[in-house]
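Q: This is data_17.cif (mmCIF, C-alpha atoms and all ligand atoms).
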```cif
data_entry
#
loop_
_atom_site.label_atom_id
_atom_site.label_comp_id
_atom_site.auth_asym_id
_atom_site.auth_seq_id
_atom_site.Cartn_x
_atom_site.Cartn_y
_atom_site.Cartn_z
CA MET A 30 94.05 28.10 28.74
CA SER A 31 92.54 28.96 32.09
CA PRO A 32 88.82 29.46 31.63
CA THR A 33 88.90 32.63 33.73
CA SER A 34 91.68 34.58 32.03
CA PRO A 35 91.26 36.39 28.70
CA ASN A 36 92.12 34.43 25.56
CA ALA A 37 94.52 35.63 22.89
CA PHE A 38 91.75 36.92 20.63
CA GLU A 39 90.31 39.07 23.41
CA VAL A 40 93.73 40.41 24.33
CA LEU A 41 94.48 41.33 20.73
CA CYS A 42 91.08 43.02 20.28
CA GLN A 43 91.97 45.18 23.22
CA THR A 44 95.67 45.86 22.69
CA ARG A 45 95.47 46.00 18.85
CA THR A 46 99.22 45.53 18.56
CA ARG A 47 98.58 44.17 15.05
CA PRO A 48 95.47 43.57 12.90
CA VAL A 49 93.12 40.92 14.32
CA VAL A 50 92.24 38.15 11.85
CA THR A 51 89.25 35.83 12.20
CA ALA A 52 87.69 33.37 9.78
CA GLU A 53 84.51 31.40 9.49
CA PHE A 54 84.59 27.65 10.10
CA PRO A 55 82.83 25.51 7.48
CA SER A 56 79.47 23.98 8.41
CA PHE A 57 79.38 20.25 9.11
CA ASP A 58 76.63 17.79 8.27
CA GLY A 59 78.18 14.74 9.82
CA GLY A 60 81.64 13.24 9.97
CA THR A 61 84.04 12.76 12.83
CA LEU A 62 86.22 14.70 15.20
CA ASP A 63 89.10 14.03 12.81
CA ASP A 64 87.27 15.93 10.08
CA ILE A 65 86.82 18.87 12.42
CA ARG A 66 90.50 18.75 13.35
CA ALA A 67 91.57 18.64 9.71
CA ALA A 68 89.43 21.66 8.81
CA ALA A 69 90.66 23.60 11.83
CA GLU A 70 94.30 22.83 11.10
CA LYS A 71 93.86 24.32 7.64
CA LEU A 72 92.65 27.63 9.09
CA ALA A 73 94.22 28.03 12.51
CA PRO A 74 97.79 28.98 11.53
CA TRP A 75 96.52 32.07 9.68
CA VAL A 76 93.89 33.43 12.05
CA ASP A 77 93.45 34.47 15.69
CA ALA A 78 90.04 32.91 16.22
CA ILE A 79 87.57 30.77 14.30
CA ASN A 80 83.83 31.55 14.08
CA VAL A 81 81.52 28.59 14.43
CA THR A 82 78.23 29.50 12.83
CA ASP A 83 74.70 28.92 14.12
CA ASN A 84 72.60 27.42 11.34
CA PRO A 85 73.74 30.02 8.78
CA ALA A 86 71.17 31.17 6.22
CA ALA A 87 68.59 29.22 8.24
CA HIS A 88 69.87 25.79 7.20
CA ALA A 89 70.30 23.14 9.92
CA HIS A 90 73.90 21.93 10.43
CA ALA A 91 75.95 20.43 13.26
CA SER A 92 75.29 22.73 16.23
CA ASN A 93 77.35 25.80 17.07
CA THR A 94 77.83 24.55 20.63
CA ALA A 95 79.11 21.11 19.57
CA MET A 96 81.57 22.69 17.13
CA ALA A 97 82.79 25.26 19.66
CA ILE A 98 83.39 22.59 22.29
CA ALA A 99 85.18 20.39 19.77
CA LEU A 100 87.46 23.21 18.63
CA THR A 101 88.29 24.19 22.22
CA GLN A 102 89.10 20.62 23.19
CA LEU A 103 91.30 20.25 20.12
CA GLY A 104 93.23 23.34 21.22
CA PHE A 105 91.76 25.97 18.90
CA ASN A 106 90.10 29.25 19.83
CA PRO A 107 86.47 29.48 18.65
CA ILE A 108 84.02 32.37 18.53
CA LEU A 109 80.55 30.99 19.21
CA GLN A 110 77.99 32.65 16.96
CA VAL A 111 74.53 32.73 18.51
CA VAL A 112 71.45 33.75 16.52
CA CYS A 113 68.04 34.71 17.92
CA ARG A 114 66.01 32.81 15.32
CA ASP A 115 65.96 29.27 16.67
CA LYS A 116 65.93 29.40 20.47
CA ASN A 117 64.25 31.30 23.27
CA ARG A 118 66.07 33.05 26.10
CA LEU A 119 66.21 29.94 28.30
CA ALA A 120 67.83 27.77 25.63
CA ILE A 121 70.31 30.48 24.65
CA GLN A 122 71.41 31.01 28.24
CA SER A 123 71.88 27.29 28.86
CA ASP A 124 73.95 27.03 25.66
CA ILE A 125 76.22 29.85 26.78
CA VAL A 126 76.78 28.59 30.32
CA GLY A 127 77.25 25.07 28.95
CA VAL A 128 79.98 25.94 26.47
CA SER A 129 81.67 28.22 29.01
CA MET A 130 82.33 25.14 31.15
CA PHE A 131 84.43 23.77 28.30
CA GLY A 132 86.44 27.00 28.10
CA VAL A 133 84.57 28.69 25.26
CA GLN A 134 84.75 32.43 25.93
CA ASN A 135 84.04 34.37 22.74
CA ILE A 136 80.37 34.94 21.94
CA CYS A 137 79.16 36.70 18.81
CA ALA A 138 75.48 37.70 18.95
CA LEU A 139 73.39 38.00 15.77
CA THR A 140 69.74 38.51 14.97
CA GLY A 141 69.97 35.77 12.35
CA ASP A 142 68.61 35.36 8.84
CA ASP A 143 64.91 34.65 8.76
CA VAL A 144 63.61 31.08 8.35
CA THR A 145 62.37 32.09 4.88
CA ALA A 146 66.04 32.31 3.75
CA GLY A 147 66.53 28.60 4.43
CA ASP A 148 65.36 25.21 3.24
CA GLU A 149 62.73 24.82 5.96
CA PRO A 150 60.74 28.04 5.62
CA GLU A 151 57.79 26.42 7.39
CA ALA A 152 59.72 26.38 10.67
CA ARG A 153 58.57 28.56 13.58
CA ARG A 154 60.75 31.63 13.98
CA VAL A 155 61.56 32.44 17.59
CA TYR A 156 63.30 35.83 18.08
CA ASP A 157 62.39 35.80 21.77
CA LEU A 158 65.41 38.11 22.16
CA ASP A 159 66.72 40.47 19.50
CA GLY A 160 70.42 41.03 18.72
CA PRO A 161 71.10 43.92 21.13
CA GLN A 162 69.13 42.17 23.91
CA LEU A 163 71.18 39.00 23.36
CA ILE A 164 74.42 40.99 23.70
CA LYS A 165 73.16 42.36 27.00
CA VAL A 166 72.04 38.93 28.24
CA ALA A 167 75.47 37.43 27.46
CA THR A 168 77.11 40.38 29.19
CA ILE A 169 74.92 39.87 32.27
CA MET A 170 75.88 36.19 32.29
CA GLY A 171 79.53 37.24 32.38
CA THR A 172 78.81 38.83 35.76
CA GLY A 173 77.71 35.46 37.12
CA MET A 174 73.93 35.60 36.90
CA TYR A 175 71.13 34.66 34.59
CA LEU A 176 68.67 37.19 33.17
CA SER A 177 66.34 36.26 36.02
CA GLY A 178 68.96 37.43 38.51
CA ARG A 179 69.61 33.87 39.72
CA LYS A 180 73.28 33.42 40.58
CA MET A 181 75.54 30.91 38.83
CA LYS A 182 78.06 28.79 40.73
CA THR A 183 80.92 30.68 39.11
CA ALA A 184 80.91 33.61 36.71
CA PRO A 185 81.99 32.46 33.23
CA HIS A 186 84.66 34.57 31.56
CA LEU A 187 82.92 35.79 28.40
CA PHE A 188 84.12 38.11 25.64
CA VAL A 189 81.02 39.33 23.86
CA GLY A 190 80.76 40.76 20.37
CA ALA A 191 78.24 41.22 17.59
CA VAL A 192 77.72 41.76 13.89
CA GLU A 193 76.63 44.91 12.11
CA ASN A 194 75.83 45.45 8.46
CA PRO A 195 77.46 48.64 7.15
CA THR A 196 75.75 48.44 3.77
CA ALA A 197 72.08 47.84 4.68
CA PRO A 198 69.52 50.65 4.96
CA PRO A 199 69.11 52.92 6.79
CA LEU A 200 72.81 53.55 6.08
CA GLU A 201 72.99 56.67 8.23
CA TYR A 202 71.63 54.72 11.21
CA ARG A 203 74.03 51.75 11.14
CA ALA A 204 76.77 53.37 13.23
CA GLU A 205 74.18 54.37 15.84
CA ARG A 206 72.98 50.80 15.93
CA ALA A 207 76.60 49.69 16.39
CA LEU A 208 76.78 52.10 19.33
CA LYS A 209 73.66 50.56 20.83
CA LYS A 210 75.38 47.18 20.61
CA VAL A 211 78.57 48.48 22.18
CA ASN A 212 76.54 50.06 24.98
CA ALA A 213 74.89 46.67 25.50
CA GLY A 214 78.34 45.10 25.94
CA ALA A 215 79.78 44.24 22.51
CA ARG A 216 83.56 44.54 22.43
CA PHE A 217 84.15 43.32 18.89
CA LEU A 218 82.07 43.83 15.75
CA GLN A 219 82.41 41.50 12.80
CA LEU A 220 80.74 43.24 9.88
CA GLN A 221 78.54 41.71 7.22
CA ILE A 222 80.30 40.83 3.94
CA HIS A 223 80.55 44.00 1.88
CA TYR A 224 81.25 44.94 -1.73
CA ARG A 225 80.83 48.69 -1.29
CA PRO A 226 84.08 50.29 -0.12
CA GLU A 227 82.59 53.79 -0.02
CA GLN A 228 79.75 52.66 2.26
CA LEU A 229 82.22 50.88 4.52
CA GLU A 230 84.32 54.04 4.75
CA ALA A 231 81.32 56.16 5.73
CA PHE A 232 80.26 53.60 8.36
CA ILE A 233 83.73 53.40 9.92
CA ALA A 234 84.08 57.19 9.94
CA ALA A 235 80.80 57.43 11.86
CA CYS A 236 82.01 54.70 14.26
CA VAL A 237 85.19 56.66 14.89
CA ALA A 238 83.14 59.79 15.54
CA ASN A 239 80.74 58.13 18.01
CA GLY A 240 83.43 56.16 19.86
CA VAL A 241 82.45 52.68 18.66
CA ALA A 242 85.78 52.10 16.90
CA GLU A 243 87.66 52.72 20.09
CA ARG A 244 85.43 50.69 22.38
CA ALA A 245 85.04 47.66 20.07
CA ALA A 246 87.41 46.01 17.60
CA ILE A 247 85.78 46.48 14.18
CA LEU A 248 86.50 43.69 11.71
CA PRO A 249 85.15 44.20 8.17
CA THR A 250 84.39 40.97 6.33
CA VAL A 251 85.48 39.80 2.91
CA CYS A 252 84.24 36.67 1.19
CA LEU A 253 86.51 34.46 -0.92
CA THR A 254 84.65 33.12 -3.95
CA LYS A 255 85.62 31.50 -7.24
CA ALA A 256 83.30 32.84 -9.90
CA ALA A 257 80.82 35.54 -10.89
CA ARG A 258 78.02 33.06 -10.25
CA ALA A 259 78.77 33.09 -6.54
CA LEU A 260 78.54 36.89 -6.49
CA SER A 261 75.20 36.87 -8.32
CA PHE A 262 73.93 34.23 -5.91
CA MET A 263 74.87 36.33 -2.89
CA ASN A 264 73.32 39.41 -4.43
CA ASP A 265 70.06 37.59 -5.15
CA SER A 266 69.72 35.15 -2.28
CA VAL A 267 71.70 36.17 0.80
CA PRO A 268 69.82 38.64 3.02
CA GLY A 269 71.67 41.91 3.51
CA ILE A 270 74.34 41.50 0.84
CA SER A 271 74.28 43.51 -2.37
CA VAL A 272 76.96 43.23 -5.01
CA PRO A 273 77.25 46.04 -7.58
CA ALA A 274 76.56 44.89 -11.15
CA ALA A 275 79.94 46.29 -12.23
CA THR A 276 81.71 44.07 -9.70
CA ILE A 277 79.96 40.94 -10.96
CA GLU A 278 80.71 42.06 -14.52
CA ARG A 279 84.39 42.54 -13.74
CA VAL A 280 84.75 38.93 -12.60
CA ALA A 281 82.45 37.50 -15.28
CA THR A 282 84.33 39.09 -18.18
CA SER A 283 87.88 38.49 -16.97
CA VAL A 284 90.11 35.89 -18.64
CA ASP A 285 90.67 34.11 -15.34
CA PRO A 286 87.55 34.55 -13.15
CA LYS A 287 89.03 32.52 -10.33
CA GLU A 288 92.09 34.72 -10.07
CA GLU A 289 90.03 37.87 -10.62
CA SER A 290 87.74 36.82 -7.75
CA TYR A 291 90.78 36.58 -5.51
CA GLN A 292 92.16 39.94 -6.63
CA LEU A 293 88.79 41.58 -5.98
CA VAL A 294 88.82 40.30 -2.39
CA ARG A 295 92.42 41.30 -1.93
CA GLU A 296 91.60 44.85 -2.99
CA LEU A 297 88.54 45.01 -0.72
CA ALA A 298 90.59 43.69 2.21
CA GLU A 299 93.50 46.02 1.58
CA HIS A 300 91.15 48.97 1.39
CA ALA A 301 89.29 47.94 4.56
CA LEU A 302 92.53 47.60 6.53
CA SER A 303 93.67 51.04 5.37
CA ILE A 304 90.68 52.80 6.97
CA PRO A 305 91.51 54.41 10.32
CA GLY A 306 89.36 52.78 13.00
CA VAL A 307 89.47 49.28 11.51
CA ALA A 308 91.02 46.72 13.89
CA GLY A 309 91.37 43.76 11.56
CA LEU A 310 89.65 41.47 9.12
CA HIS A 311 87.10 38.66 9.14
CA ILE A 312 87.29 36.16 6.29
CA THR A 313 84.62 33.86 4.93
CA ASP A 314 85.85 31.27 2.48
CA PHE A 315 83.78 29.60 -0.21
CA ARG A 316 86.82 28.67 -2.30
CA HIS A 317 88.04 25.96 0.03
CA ASP A 318 91.55 26.12 -1.37
CA ASP A 319 94.58 27.80 0.18
CA SER A 320 93.23 31.33 -0.31
CA VAL A 321 92.96 32.21 3.39
CA ARG A 322 96.67 31.54 3.67
CA ARG A 323 97.42 33.43 0.47
CA LEU A 324 95.35 36.43 1.54
CA THR A 325 96.89 36.73 5.00
CA GLU A 326 100.37 36.35 3.49
CA ASP A 327 99.75 38.88 0.74
CA LEU A 328 98.46 41.35 3.32
CA ALA A 329 101.08 40.37 5.90
CA ILE A 330 98.49 39.95 8.66
CA GLY A 331 97.69 37.22 11.17
CA PRO A 332 99.58 35.24 13.83
CA ARG A 333 102.26 33.94 11.43
CA PHE A 334 103.17 37.43 10.53
CA GLU A 335 103.60 38.37 14.18
CA GLU A 336 106.05 35.50 14.69
CA GLN A 337 108.11 36.54 11.69
CA HIS A 338 107.93 40.06 12.92
CA ALA A 339 109.17 39.06 16.36
CA HIS A 340 112.07 37.04 14.87
CA SER A 341 113.27 39.78 12.60
CA ALA A 342 112.99 42.41 15.31
CA MET B 28 37.88 45.95 33.43
CA GLY B 29 40.55 43.42 32.51
CA GLY B 30 38.29 42.31 29.69
CA LEU B 31 36.95 45.58 28.37
CA LEU B 32 40.03 47.79 28.32
CA PRO B 33 42.12 45.54 26.05
CA LEU B 34 39.17 45.44 23.65
CA ILE B 35 38.90 49.21 23.54
CA GLU B 36 42.66 49.65 23.22
CA HIS B 37 42.88 47.11 20.41
CA GLY B 38 39.89 48.68 18.71
CA ILE B 39 41.74 51.98 18.49
CA LYS B 40 45.34 50.86 17.98
CA LYS B 41 44.75 47.99 15.56
CA PRO B 42 43.40 50.09 12.65
CA VAL B 43 45.97 52.86 13.13
CA TRP B 44 49.18 50.99 13.99
CA ASP B 45 48.32 47.35 13.32
CA CYS B 46 48.74 46.85 17.10
CA ARG B 47 49.63 43.29 18.22
CA MET B 48 48.67 43.82 21.88
CA CYS B 49 52.10 43.05 23.34
CA GLY B 50 50.90 44.82 26.49
CA GLN B 51 54.04 46.99 26.79
CA CYS B 52 53.66 49.72 24.21
CA VAL B 53 56.80 51.48 22.91
CA LEU B 54 55.18 53.25 19.93
CA HIS B 55 56.16 56.70 21.18
CA SER B 56 59.88 55.79 21.03
CA THR B 57 59.74 54.11 17.64
CA GLY B 58 58.41 56.93 15.50
CA MET B 59 54.85 55.72 16.14
CA THR B 60 55.63 52.52 14.20
CA CYS B 61 54.82 49.23 15.93
CA PRO B 62 57.94 47.03 16.19
CA MET B 63 55.77 43.97 16.74
CA THR B 64 54.77 44.22 13.06
CA CYS B 65 58.40 43.41 12.15
CA PRO B 66 58.31 39.73 11.13
CA LYS B 67 61.17 39.10 13.59
CA THR B 68 59.44 41.23 16.28
CA LEU B 69 62.69 43.16 16.79
CA ARG B 70 62.44 45.89 19.43
CA ASN B 71 65.86 47.49 18.93
CA GLY B 72 66.24 48.54 15.33
CA PRO B 73 66.55 47.04 11.87
CA CYS B 74 68.13 43.63 11.26
CA GLY B 75 71.02 43.24 8.82
CA GLY B 76 68.76 41.83 6.15
CA VAL B 77 67.06 45.04 5.02
CA ARG B 78 67.02 45.11 1.22
CA GLU B 79 68.82 47.76 -0.80
CA ASP B 80 65.49 49.45 -1.57
CA GLY B 81 64.65 49.64 2.14
CA HIS B 82 62.19 46.77 2.01
CA CYS B 83 61.93 43.86 4.41
CA GLU B 84 64.12 40.75 4.16
CA VAL B 85 61.15 38.54 4.99
CA VAL B 86 58.30 40.33 3.20
CA PRO B 87 59.84 41.92 0.08
CA GLU B 88 56.76 43.96 -0.80
CA MET B 89 56.71 45.65 2.63
CA ARG B 90 58.95 48.55 3.59
CA CYS B 91 61.11 47.53 6.57
CA ILE B 92 59.21 48.77 9.58
CA TRP B 93 62.46 49.93 11.19
CA VAL B 94 63.43 51.94 8.11
CA LYS B 95 60.01 53.55 8.44
CA ALA B 96 60.38 53.99 12.21
CA HIS B 97 63.81 55.59 11.86
CA ASP B 98 62.57 57.92 9.16
CA ARG B 99 59.54 58.96 11.19
CA SER B 100 61.41 59.34 14.47
CA GLN B 101 63.62 61.86 12.66
CA HIS B 102 61.07 63.68 10.55
CA MET B 103 57.60 63.28 12.01
CA PRO B 104 56.29 66.69 13.02
CA LEU B 105 55.08 67.26 16.60
CA LEU B 106 57.03 64.30 17.99
CA PRO B 107 58.52 65.49 21.33
CA ARG B 108 62.31 65.58 21.42
CA SER B 109 62.51 63.16 24.33
CA TRP B 110 60.58 60.62 22.26
CA ARG B 111 63.02 61.07 19.37
CA GLU B 112 65.94 60.50 21.70
CA GLU B 113 64.36 57.40 23.15
CA PHE B 114 64.67 55.79 19.72
CA ASP B 115 68.23 54.80 20.61
CA HIS B 116 67.41 53.35 24.01
CA LEU B 117 67.94 49.66 24.55
CA ARG B 118 64.45 48.22 24.94
CA PRO B 119 64.38 45.14 27.23
CA PRO B 120 63.20 41.68 26.14
CA VAL B 121 59.45 41.45 25.65
CA ASN B 122 57.55 40.25 28.70
CA ASN B 123 55.50 37.54 27.02
CA ALA B 124 53.28 37.27 30.09
CA LEU B 125 51.76 40.66 29.21
CA GLN B 126 50.60 39.58 25.74
CA GLY B 127 46.95 40.50 25.23
CA GLN B 128 46.76 42.85 28.20
CA SER B 129 46.07 46.56 28.01
CA SER B 130 49.33 48.48 27.74
CA TRP B 131 47.49 51.55 29.05
CA LEU B 132 46.78 49.75 32.28
CA ASN B 133 50.34 48.38 32.41
CA LEU B 134 51.66 51.90 31.88
CA LEU B 135 49.56 53.24 34.74
CA ASN B 136 50.46 50.47 37.18
CA GLY B 137 54.10 50.36 36.02
CA ARG B 138 54.11 46.69 35.01
CA ASP B 139 55.42 47.53 31.55
CA ARG B 140 58.59 48.94 33.10
CA VAL B 141 59.41 45.93 35.25
CA THR B 142 62.43 44.10 33.78
CA PRO B 143 63.94 40.78 34.87
CA PRO B 144 66.17 41.28 37.96
CA GLY B 145 69.37 40.44 36.03
CA TRP B 146 68.56 43.10 33.45
CA ALA B 147 67.58 45.62 36.12
CA ALA B 148 70.82 44.98 38.04
CA SER B 149 72.97 45.60 34.98
CA GLU B 150 71.07 48.82 34.20
CA ALA B 151 71.72 49.99 37.75
CA HIS B 152 75.43 49.33 37.15
CA ALA B 153 75.60 51.22 33.87
S1 LIG C 401 63.94 43.91 7.32
FE1 LIG C 401 63.04 45.27 8.90
S2 LIG C 401 60.90 44.59 9.12
FE2 LIG C 401 61.98 42.98 8.01
S3 LIG C 401 62.67 41.53 9.58
FE3 LIG C 401 64.37 42.97 9.31
S4 LIG C 401 64.02 44.61 10.80
FE4 LIG C 401 62.10 43.45 10.64
#
```
For the file at hand, write its structure as structure tokens.
Ligand code: SF4

A:
Amino acid sequence: MSPTSPNAFEVLCQTRTRPVVTAEFPSFDGGTLDDIRAAAEKLAPWVDAINVTDNPAAHAHASNTAMAIALTQLGFNPILQVVCRDKNRLAIQSDIVGVSMFGVQNICALTGDDVTAGDEPEARRVYDLDGPQLIKVATIMGTGMYLSGRKMKTAPHLFVGAVENPTAPPLEYRAERALKKVNAGARFLQLQIHYRPEQLEAFIAACVANGVAERAAILPTVCLTKAARALSFMNDSVPGISVPAATIERVATSVDPKEESYQLVRELAEHALSIPGVAGLHITDFRHDDSVRRLTEDLAIGPRFEEQHAHSA
Amino acid sequence: MGGLLPLIEHGIKKPVWDCRMCGQCVLHSTGMTCPMTCPKTLRNGPCGGVREDGHCEVVPEMRCIWVKAHDRSQHMPLLPRSWREEFDHLRPPVNNALQGQSSWLNLLNGRDRVTPPGWAASEAHA
């Protein structure tokens, strides 16, 4: 891949010839390059790009930049998540220009969960930039200069996106906030995990009305889990995610909670993909089995499906 | 002057808006709600962590200041329309060098509107 031409994920977000599929890479707390390769090989056949997270839920893990470089060098296509919580504007800019030299192009800007959500709540929170400002800074860097105006040697090719939460208050403002992010330069929007189809529908409808859906590829997120306990945990402990009691109940009281958990996600994903204005799907996986494969096959989405499509055509 | 004005400004704005003296006041565009009282000091709207009841991810007993700001920017009487519209503007990164200075002075001399050259260049483009 030439570092200056658009990667396949970017092209697909723009052409939208089929649904875009992305998934979250597991966090690492040690191990080797072989472990990274093994994890990537499990995901890569089913998705168009892989998100490497940036200390999710305010827990320290192997760095986003190290993982993005590793994936690129191993031949995979990462999306570098960058949060505002841990680093100031200097450190964030040096991270972005650094990874760009290894061919990392996709940047996903987030505000980031607060330090109080993690296991080191006594840490200093930074937030020198906020989410929309970070989108703009990354977009400026794509033109070949730092925020200060100082020129880089070469302009990195960057494809910048962001996250928005369609189910957090103020609900009626979320699409406007998405528009602010698109105006700042976001060209894809991976949404927060949702369990409220009606709220997602309203958000997407507003994004169609204000032009966001056309200007950025919107990817709603589903989360593969195994049991009702995981849903309760998310509801209680993960900032910005609420799971209706009836949904938890449905999984808890089923004869096969593991299978019911899968079916729940399948329904959420099917519904999300059916909404006009949705460009694809983002998948987070806490099952760590073959459910990403199963889901993309059941829904007939992802790169494999395109190949089959091309052969039969 | 440099010493007295910040004192007076803080004396007035602290009790009313819990002013943090960022030196680049945006209160008028945020429904007269100080964004620097957001635990993440976000200047461009609510984070994704707002609780279902509209309270803050970080301080559960506090209403999210951006939920409050949005509400007020829509419904507060006597707020000029241009101020309401400014709610959606992209506010630039905080100039940390202005911390503790009088935003009134920085408004008059224009320092609060100076953005880093890279930011300014991209605004000129847009
Ligand atoms: S919930 Fe609101 S007040 Fe709390 S950190 Fe997020 S934006 Fe700031």

Q: Using all atoms listed in the file, which protein or nucleic acid residues come within 9 Å of Val53 in chain B? Drop anything in the same chain fewer than 6 positions from it, and give the result as a CSV table (one decimal) with C-alpha atoms, keeping the file's coordinate frame.

A:
```csv
chain,number,residue,atom,x,y,z
B,59,MET,CA,54.8,55.7,16.1
B,60,THR,CA,55.6,52.5,14.2
B,61,CYS,CA,54.8,49.2,15.9
B,62,PRO,CA,57.9,47.0,16.2
B,70,ARG,CA,62.4,45.9,19.4
B,118,ARG,CA,64.4,48.2,24.9
```

Q: Could you tell me how far CA of Leu158 in chain A sits from CA of Arg140 in chain B, in Å to one decimal place?

A: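 CA of Leu158 in chain A lies 16.8 Å from CA of Arg140 in chain B.
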
Q: How far is it from CA of Gln126 in chain B to CA of Arg47 in chain B, in Å with one decimal?

A: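 So the answer is 8.4 Å.
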
Q: May I have the residues within 8 Å of ligand LIG 401 (chain C), computed using all atoms listed in the file, as a list in words?

A: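 Counting all atoms listed in the file, the residues within 8 Å of ligand LIG 401 (chain C) come out as Asp143 of chain A; Pro62, Thr64, Cys65, Pro66, Lys67, Thr68, Leu69, Gly72, Pro73, Cys74, Gly75, Gly76, Val77, Arg78, Gly81, His82, Cys83, Glu84, Val85, Val86, Met89, Arg90, Cys91, Ile92, Trp93 and Val94 of chain B.
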
Q: Only residues of chain A matter here; which ones have an atom within 6 Å of chain B, counting only C-alpha atoms? Give them as number ranges by chain.

A: A: 156, 158-159, 176-178, 194, 197-199, 268-269

Q: Please provide the set of residues having any atom within 7 Å of range 36-40 of chain A, restricted to all atoms listed in the file, with same-chain residues fewer than 3 positions apart removed, written as an MDAnalysis selection string.

A: chainID A and resid 43:44 77:78 188

Q: Rounded to one decimal in Å, what is the spacing between CA of Leu187 in chain A and CA of Gly171 in chain A?

A: 5.4 Å

Q: Name all residues at most 9 Å from range 250-256 of chain A (count only C-alpha atoms; drop same-chain ones fewer than 3 positions away) and give them as a JSON list (two decimals) with C-alpha atoms, in the frame of the given file.

A:
```
[["chain", "number", "residue", "atom", "x", "y", "z"],
["A", 52, "ALA", "CA", 87.69, 33.37, 9.78],
["A", 219, "GLN", "CA", 82.41, 41.50, 12.80],
["A", 220, "LEU", "CA", 80.74, 43.24, 9.88],
["A", 221, "GLN", "CA", 78.54, 41.71, 7.22],
["A", 222, "ILE", "CA", 80.30, 40.83, 3.94],
["A", 223, "HIS", "CA", 80.55, 44.00, 1.88],
["A", 224, "TYR", "CA", 81.25, 44.94, -1.73],
["A", 259, "ALA", "CA", 78.77, 33.09, -6.54],
["A", 260, "LEU", "CA", 78.54, 36.89, -6.49],
["A", 277, "ILE", "CA", 79.96, 40.94, -10.96],
["A", 280, "VAL", "CA", 84.75, 38.93, -12.60],
["A", 281, "ALA", "CA", 82.45, 37.50, -15.28],
["A", 286, "PRO", "CA", 87.55, 34.55, -13.15],
["A", 287, "LYS", "CA", 89.03, 32.52, -10.33],
["A", 288, "GLU", "CA", 92.09, 34.72, -10.07],
["A", 289, "GLU", "CA", 90.03, 37.87, -10.62],
["A", 290, "SER", "CA", 87.74, 36.82, -7.75],
["A", 291, "TYR", "CA", 90.78, 36.58, -5.51],
["A", 294, "VAL", "CA", 88.82, 40.30, -2.39],
["A", 295, "ARG", "CA", 92.42, 41.30, -1.93],
["A", 297, "LEU", "CA", 88.54, 45.01, -0.72],
["A", 298, "ALA", "CA", 90.59, 43.69, 2.21],
["A", 301, "ALA", "CA", 89.29, 47.94, 4.56],
["A", 310, "LEU", "CA", 89.65, 41.47, 9.12],
["A", 311, "HIS", "CA", 87.10, 38.66, 9.14],
["A", 312, "ILE", "CA", 87.29, 36.16, 6.29],
["A", 313, "THR", "CA", 84.62, 33.86, 4.93],
["A", 314, "ASP", "CA", 85.85, 31.27, 2.48],
["A", 315, "PHE", "CA", 83.78, 29.60, -0.21],
["A", 316, "ARG", "CA", 86.82, 28.67, -2.30],
["A", 317, "HIS", "CA", 88.04, 25.96, 0.03],
["A", 320, "SER", "CA", 93.23, 31.33, -0.31],
["A", 321, "VAL", "CA", 92.96, 32.21, 3.39]]
```

Q: Around all of range 127-134 of chain A's listed atoms, make the axis-aligned box with 5 Å on each side and tell me centre and edge lengths in Å to one decimal, as AutoDock Vina command-line options.

A:
```
--center_x 81.8 --center_y 28.1 --center_z 28.2 --size_x 19.2 --size_y 18.7 --size_z 15.9
```

Q: Pick out the residues sitting within 10 Å of Gly306 in chain A, and hand them over as a PyMOL selection string; count only C-alpha atoms, and ignore anything fewer than 2 positions along from it in its own chain.

A: chain A and resi 230+233-238+240-243+245-248+301-304+308-309

Q: Closest to Ile270 in chain A among A:Phe217, A:Glu193, A:Thr140, A:Pro150, using all atoms listed in the file?

A: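 Of A:Phe217, A:Glu193, A:Thr140, A:Pro150, the one nearest Ile270 in chain A, counting all atoms listed in the file, is A:Glu193.
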
Q: Considering all atoms listed in the file, can you say which of A:Cys42, A:Ala275, A:Ala86, A:Val76 comes closest to Arg244 in chain A?

A: A:Cys42

Q: Could you tell me which of A:Gln162, A:Ser283, A:Thr94, A:Asn80 comes closest to Arg118 in chain A if we count only C-alpha atoms?

A: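 Among the listed residues, A:Gln162 lies closest to Arg118 in chain A.
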
Q: In file coordinates, which residues lie within 6 Å of (77.2, 54.4, 20.2) using only C-alpha atoms, given as a list in words?

A: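 Nearby residues: Glu205, Leu208, Lys209, Asn239 and Val241 of chain A.
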
Q: Dump C-alpha atoms for the selected residues as a PDB file, keeping the file's coordinate frame?

A:
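Written file, result-v4.pdb:
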```
ATOM      1  CA  GLU A 205      74.180  54.370  15.840  1.00  0.00           C
ATOM      2  CA  LEU A 208      76.780  52.100  19.330  1.00  0.00           C
ATOM      3  CA  LYS A 209      73.660  50.560  20.830  1.00  0.00           C
ATOM      4  CA  ASN A 239      80.740  58.130  18.010  1.00  0.00           C
ATOM      5  CA  VAL A 241      82.450  52.680  18.660  1.00  0.00           C
TER       6      VAL A 241
END
```

Q: Considering all atoms listed in the file, state which residue in the set A:Tyr175, A:Leu328, A:Arg45, A:Glu227 is at the smallest distance from Leu119 in chain A.

A: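 Selected residue with least distance to Leu119 in chain A: A:Tyr175.
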
Q: Determine, counting all atoms listed in the file, every residue of protein, DNA or RNA that lies within 9 Å of (78.1, 38.8, 31.4) in the file coordinates, then give the result as a PyMOL selection string.

A: chain A and resi 164-175+184-189+214
